[in-house]
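Asker: Please find one structure pasted underneath; my questions will follow.
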Amino acid sequence: MNPPSLLVPPDAAASLPSGFWVGGAEDAESTELRRVAVRFGVDPVPAPRPDGYGLWLDAHGWSLHAPATQRFAPLRLDFSAGATGLRLRQAGRRQPLARAVGLKPGIALRVIDATAGLGRDGAVLAQLGCEVTMIERSPLMALLLEDGWLRTAPPAARARVRLHCADAREALVRLAAPDVVYLDPMYPHRGKSALVKKEMRVIRELVGDDPDAGELLRVALSSGARRVVVKRPRGALPLDGSPPLRQVEGPNTRYDLYGTP
């Protein structure tokens, strides 16, 4: 994967909320701290600030902090422990995600995860043997993703992943056509009776919705990929109103399949 500095583009500060901060502990790697702070257009702070969003670097890597009013535990991506680590260890070809992308024994699919986010679905596909290109347009999320992946991903899966901080609509035009383009845009807003978990609410507030998801689907369909897979909540309308060729159902989600039947 790319060096972390490449995932903080020069215009990164333009996408951040007011009051955003970057800081580090005494044992933080000072060169990396300064590099990221400069790219985000702020001076490093000596302690996490309770009144805004920020990135904190210590000996264990980068973590995302939210304002104290959010009551949000700092988010540090770890692909070796917790629910994410368990999911990777239990990854199998009979799971809905694997069936949706069309995994077959002995074939290493080339997959572009065009809305990588926290990288969890892309990580599962890499664990199952796919060559995965993750695209994440938020510089903040891309930095967290690469940091967590390099520190904690299973070695075999780590070697199968490339990460780009870019607008996927533009990247899909430049990259070689994959076997599969995978899309997991922000889910539609839900009523108060069915709020998504706090982690995703905080991320939505920080990086925004995906109002251009329909356009991204159209670009993916013209990318030359054999199959385009769109992850949706069960019961939600198809993305952009485009009826899929078929669907793969999961416990709480479904995968809409476009392209070759």
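In the structure tokens, the first chain shown is A, the next is B, and so on; residue numbers restart at 1 for each chain, and ligands run from 1 in the order shown.
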Please provide as a PyMOL selection string all residues within 12 Å of A:Ala114, with the sequence filter that same-chain residues fewer than 2 positions apart are discarded (counting only C-alpha atoms).
Answerer: chain A and resi 111-112+116-119+121-122+132-138+162-173+175+178+180-185+213+216-217+219-220+223+228-231
Asker: Within 9 Å of A:Gly19, counting only C-alpha atoms, which residues qualify if same-chain residues fewer than 2 places away don't, as number ranges by chain?
Answerer: A: 16-17, 21, 51-54
Asker: Emit the selected residues as a PDB file, in the first residue's frame, including N, CA, C and O atoms.
Answerer:
```pdb
ATOM      1  N   LEU A  16     -12.667  19.308   5.695  1.00  0.00           N
ATOM      2  CA  LEU A  16     -12.781  19.097   7.128  1.00  0.00           C
ATOM      3  C   LEU A  16     -13.704  20.115   7.788  1.00  0.00           C
ATOM      4  O   LEU A  16     -13.846  21.244   7.319  1.00  0.00           O
ATOM      5  N   PRO A  17     -14.336  19.728   8.902  1.00  0.00           N
ATOM      6  CA  PRO A  17     -15.212  20.666   9.609  1.00  0.00           C
ATOM      7  C   PRO A  17     -14.411  21.739  10.331  1.00  0.00           C
ATOM      8  O   PRO A  17     -13.223  21.571  10.618  1.00  0.00           O
ATOM      9  N   TRP A  21      -8.773  19.357  14.538  1.00  0.00           N
ATOM     10  CA  TRP A  21      -7.438  19.423  15.138  1.00  0.00           C
ATOM     11  C   TRP A  21      -6.670  18.126  14.873  1.00  0.00           C
ATOM     12  O   TRP A  21      -7.254  17.083  14.581  1.00  0.00           O
ATOM     13  N   ASP A  51     -13.750  19.868  22.095  1.00  0.00           N
ATOM     14  CA  ASP A  51     -14.782  20.685  21.445  1.00  0.00           C
ATOM     15  C   ASP A  51     -14.837  20.525  19.938  1.00  0.00           C
ATOM     16  O   ASP A  51     -15.485  21.316  19.250  1.00  0.00           O
ATOM     17  N   GLY A  52     -14.165  19.520  19.374  1.00  0.00           N
ATOM     18  CA  GLY A  52     -14.210  19.356  17.928  1.00  0.00           C
ATOM     19  C   GLY A  52     -13.727  17.988  17.501  1.00  0.00           C
ATOM     20  O   GLY A  52     -13.238  17.202  18.320  1.00  0.00           O
ATOM     21  N   TYR A  53     -13.852  17.720  16.210  1.00  0.00           N
ATOM     22  CA  TYR A  53     -13.313  16.480  15.654  1.00  0.00           C
ATOM     23  C   TYR A  53     -11.803  16.603  15.504  1.00  0.00           C
ATOM     24  O   TYR A  53     -11.264  17.692  15.263  1.00  0.00           O
ATOM     25  N   GLY A  54     -11.112  15.467  15.637  1.00  0.00           N
ATOM     26  CA  GLY A  54      -9.674  15.519  15.472  1.00  0.00           C
ATOM     27  C   GLY A  54      -9.053  14.153  15.303  1.00  0.00           C
ATOM     28  O   GLY A  54      -9.704  13.111  15.485  1.00  0.00           O
TER      29      GLY A  54
END
```
Asker: Residues of stretch 59-178 of chain A classed as strand (DSSP E) by DSSP on the backbone are to be reported as a ChimeraX atom specification.
Answerer: /A:61-65,110-113,131-135,161-164
Asker: Counting only C-alpha atoms, what are the residues of stretch 194-253 of chain A within 9 Å of stretch 59-79 of chain A, and for each of them which pair of atoms is the nearest and at what distance in Å, to one decimal? Sort the table by chain and rising number, as a tab-separated table.
Answerer:
```
residue	atom	partner	partner_atom	distance
A:Lys198	CA	A:Phe72	CA	7.5
A:Glu199	CA	A:Phe72	CA	7.7
A:Val202	CA	A:Ala66	CA	7.6
A:Leu206	CA	A:Ala66	CA	9.0
```
Asker: Which residue gives the smallest distance to A:Ala177 among A:Pro155, A:Gly148, A:Pro10, A:Gly224, with only C-alpha atoms counted?
Answerer: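 Result for the nearest residue to A:Ala177: A:Gly224.
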Asker: Fewer than 6 positions away in the same chain doesn't count, so skip those; otherwise give me all residues within 10 Å of A:Asp43, counting only C-alpha atoms, as a PyMOL selection string.
Answerer: chain A and resi 21-23+33-34+36-37
Asker: Go ahead and write the residues just picked, C-alpha atoms, as a compact mmCIF listing (two decimals), in the first residue's frame.
Answerer:
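Saved the output as again25.txt:
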```txt
# COMPACT_ATOMS: atom_id res chain seq x y z
CA TRP A 21 -7.44 19.42 15.14
CA VAL A 22 -4.47 17.06 14.87
CA GLY A 23 -2.34 16.07 17.84
CA LEU A 33 2.54 13.94 13.08
CA ARG A 34 3.96 17.09 11.49
CA VAL A 36 -0.32 15.12 8.58
CA ALA A 37 -0.87 18.34 10.54
```
Asker: Can you list, as an NGL selection string, every protein, DNA or RNA residue that comes within 12 Å of A:Tyr255 when you count only C-alpha atoms, leaving out same-chain residues fewer than 6 positions away?
Answerer: :A and (95-102 or 182-184 or 227-239 or 243-249)
Asker: I need the residues from that last selection saved to file as an mmCIF file, in the first residue's frame (with C-alpha atoms), if you can.
Answerer:
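Ended up saving to out.cif:
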```cif
data_model
loop_
_atom_site.group_PDB
_atom_site.id
_atom_site.type_symbol
_atom_site.label_atom_id
_atom_site.label_comp_id
_atom_site.auth_asym_id
_atom_site.auth_seq_id
_atom_site.Cartn_x
_atom_site.Cartn_y
_atom_site.Cartn_z
ATOM 1 C CA GLN A 95 -21.257 -15.895 2.890
ATOM 2 C CA PRO A 96 -23.533 -13.430 1.060
ATOM 3 C CA LEU A 97 -20.714 -10.977 0.242
ATOM 4 C CA ALA A 98 -18.571 -13.711 -1.320
ATOM 5 C CA ARG A 99 -21.502 -15.047 -3.340
ATOM 6 C CA ALA A 100 -22.416 -11.538 -4.465
ATOM 7 C CA VAL A 101 -19.008 -10.849 -6.032
ATOM 8 C CA GLY A 102 -18.971 -14.328 -7.607
ATOM 9 C CA TYR A 182 -18.182 -3.045 -5.275
ATOM 10 C CA LEU A 183 -20.243 -0.097 -3.985
ATOM 11 C CA ASP A 184 -21.374 0.455 -0.408
ATOM 12 C CA ARG A 227 -20.057 -7.316 -12.437
ATOM 13 C CA VAL A 228 -21.108 -4.362 -10.277
ATOM 14 C CA VAL A 229 -22.323 -5.121 -6.754
ATOM 15 C CA VAL A 230 -24.229 -2.577 -4.656
ATOM 16 C CA LYS A 231 -24.787 -3.160 -0.935
ATOM 17 C CA ARG A 232 -28.183 -1.914 0.268
ATOM 18 C CA PRO A 233 -30.317 -2.180 3.404
ATOM 19 C CA ARG A 234 -33.009 -4.816 3.201
ATOM 20 C CA GLY A 235 -36.181 -3.129 2.045
ATOM 21 C CA ALA A 236 -34.451 -0.112 0.470
ATOM 22 C CA LEU A 237 -35.078 0.821 -3.136
ATOM 23 C CA PRO A 238 -32.337 0.004 -5.655
ATOM 24 C CA LEU A 239 -29.683 2.674 -5.969
ATOM 25 C CA PRO A 243 -33.309 -2.554 -11.195
ATOM 26 C CA PRO A 244 -30.580 -5.177 -10.673
ATOM 27 C CA LEU A 245 -30.289 -8.395 -12.644
ATOM 28 C CA ARG A 246 -30.545 -10.325 -9.388
ATOM 29 C CA GLN A 247 -30.001 -10.013 -5.646
ATOM 30 C CA VAL A 248 -28.187 -11.861 -2.880
ATOM 31 C CA GLU A 249 -29.881 -11.545 0.510
#
```
Asker: May I ask for the distance between atom CA of A:Pro154 and atom CA of A:Leu140, given in Å to one decimal place?
Answerer: 22.8 Å
Asker: Could you go through stretch 24-223 of chain A and tell me which residues DSSP, when run on the backbone, assigns to helix (DSSP H, G or I), listing them as a ChimeraX atom specification?
Answerer: /A:30-39,68-70,82-89,96-101,120-127,139-152,155-158,168-174,192-194,198-207,213-221
